[in-house]
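Step one of this worksheet: look at the structure below.
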Amino acid sequence: MLDLAGQLHEWAEEGREFAVATVVAVGGSAPRPPGAALAVRADGTAIGSVSGGCVEGAVYDLCLQALRDGETRVERFGYSDEDAFAVGLTCGGTIDVMIAPVAVSSTVERTALEAATRSGPVALARVVRGPADLLGRALLVRPDGTYEGGLGGAAGLDRTALAQARALLDTGRTGTLELSEDGSHCPGGLTLLVESAVPPPRMIVFGAIDFAAALAPAGKFLGYHVTVCDARPVFATRARFPDADEIVVDWPDRYLRRTETDARTVLCVLTHDAKFDIPLLTEALRLPVAYIGAMGSRRTHEDRDRRLREAGVSERDLARLRSPIGLDLGARTPEETAVSIAAEIVAVRHGGTGTPLTGSGRPIHRPDREPQPV
């Protein structure tokens with residue numbers, strides 16, 4: 001639901017009633033992850049998607065029904081062997097979808113939508129499996145531990161849900177939690193879906209070159225807040241990088257020391273110039289970021305490794321460096337190279353192999369990995 005926060009907040013401000021269908025569990029090869037949502041207004045206007053098309057019609061009708069009867073329900077959709085074009089997932093997986101009317105007077109949902117519209121950070125925990133009287137109950141959680149709403153049930157339930165939701169919020173993840181109704185951590189009668197809304201992750205591109213100009217829009221397309229940094233003001237200009245969110249003229253290593261990064265940050269070093277690369281990578285490889293890649297030939301890579309070792313970088317830290325940057329796509333142009341870099345970032349983010357799906361035998365859709373140590 002929070003993925004649609006901007007439009008839903010606008011509907012709420014206009015006083016429009018709507019229902020939201022949210023994917024709360026997936027099995028097998030499902031096209032959309034937990035948290036994916038379809039919202040329908042009373043006048044029939046719809047936004048979002050829960051399945052990429054296969055069950056949208058049925059879910060749309062259930063949203064209209066929820067607006068009529070005010071009931072919250074969870075429905076399962078799966079593959080039909082008898083009729084692959086019936087209401088089901090032709091990809092072979094299953095999804096559980098919670099359909100719930102959202103009252104414009106609902107303080108918790110409106111506050112969550114407003115916070116997410118401002119780029120959060122905030123988490124919304126909702127009961128998606130459990131007793132009927134608790135289904136759909138919501139708890140809004142902020143990073144400082146303050147919260148609004150409640151899940152009902154035992155006194156300890158809100159306290160446990162708050163701690164678990166904050167842990168997911170800290171890593172910017174959306175996921176489910178299995179709890180007992182008394183709030184204990186043992187899997188029991190309740191499942192919570194926790195949706196995290198956090199500012200976009202950062203992609204910092206070092207080196208104001210043609211490859212960076214191609215990578216910036218690719219980063220935006222993937223949902224990153226893109227910064228381009230170069231020490232040369234003649235190259236680091238808005239005219240050359242219209243798609244970047246931010247353009248910084250500074251020495252790369254100095255900028256990296258003073259800027260904010262986190263476990264979702266992606267660093268792309270495209271300068272392939274030792275006077276920039278070595279101090280920058282020495283700093284970068286000590287940071288707990290998601291991805292560090294550096295451009296250059298294999299000869300450049302070998303020389304860079306030697307210089308980094310001489311600068312005191314450990315073998316463990318050096319192993320984190322993706323160099324030469326990108327996947328082997330046979331890329332030649334800056335645009336093709338940007339695709340190869342973006343593909344490697346996606347693969348690292350979700351644990352992909354980068355190998356062709358044809359003949360691989362691996363699941364196409366895999367659950368997000370737990371945050372990895374870096």
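Ligands are numbered from 1 in the order shown, chains are lettered A, B, ... in the order of the structure tokens, and residues start at 1 in each chain.
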(request) Show which residues sit within 9 Å of A:Pro143, as a list in words. Count only C-alpha atoms, and ignore same-chain residues fewer than 6 positions away. (result)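 These residues fall inside the cut-off: Pro121, Val122, Ala123, Arg166, Leu169 and Asp170 of chain A.
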(request) Pick out each residue of stretch 88-241 of chain A that DSSP on the backbone tags as helix (DSSP H, G or I); I need them as a PyMOL selection string. (result) chain A and resi 107-117+155-171+210-221
(request) Identify, on the basis of only C-alpha atoms, every residue whose closest approach to stretch 32-35 of chain A does not exceed 7 Å; exclude the query and any residue fewer than 6 positions from it along the same chain; express the result as number ranges by chain. (result) A: 1, 22-26, 50-51, 174-175, 195
(request) Could you give me the residues within stretch 262-323 of chain A that DSSP places in strand (DSSP E), as a PyMOL selection string? (result) chain A and resi 266-269+291-294+321-322
(message) Quick check, in Å to one decimal: how far apart do atom CA of A:Arg137 and atom CA of A:Gly70 lie?
(response) 13.8 Å
(message) Just want the 8 Å neighbourhood of A:Thr227, counted on only C-alpha atoms, with same-chain residues fewer than 3 positions away dropped. Output as an NGL selection string.
(response) :A and (202-205 or 244-248)
(request) Excluding A:Asp133 and residues on its chain fewer than 3 positions from it, collect all residues at most 12 Å away from it, counting only C-alpha atoms, and give them as a ChimeraX atom specification. (result) /A:71-73,127-130,136-137,151-153,190
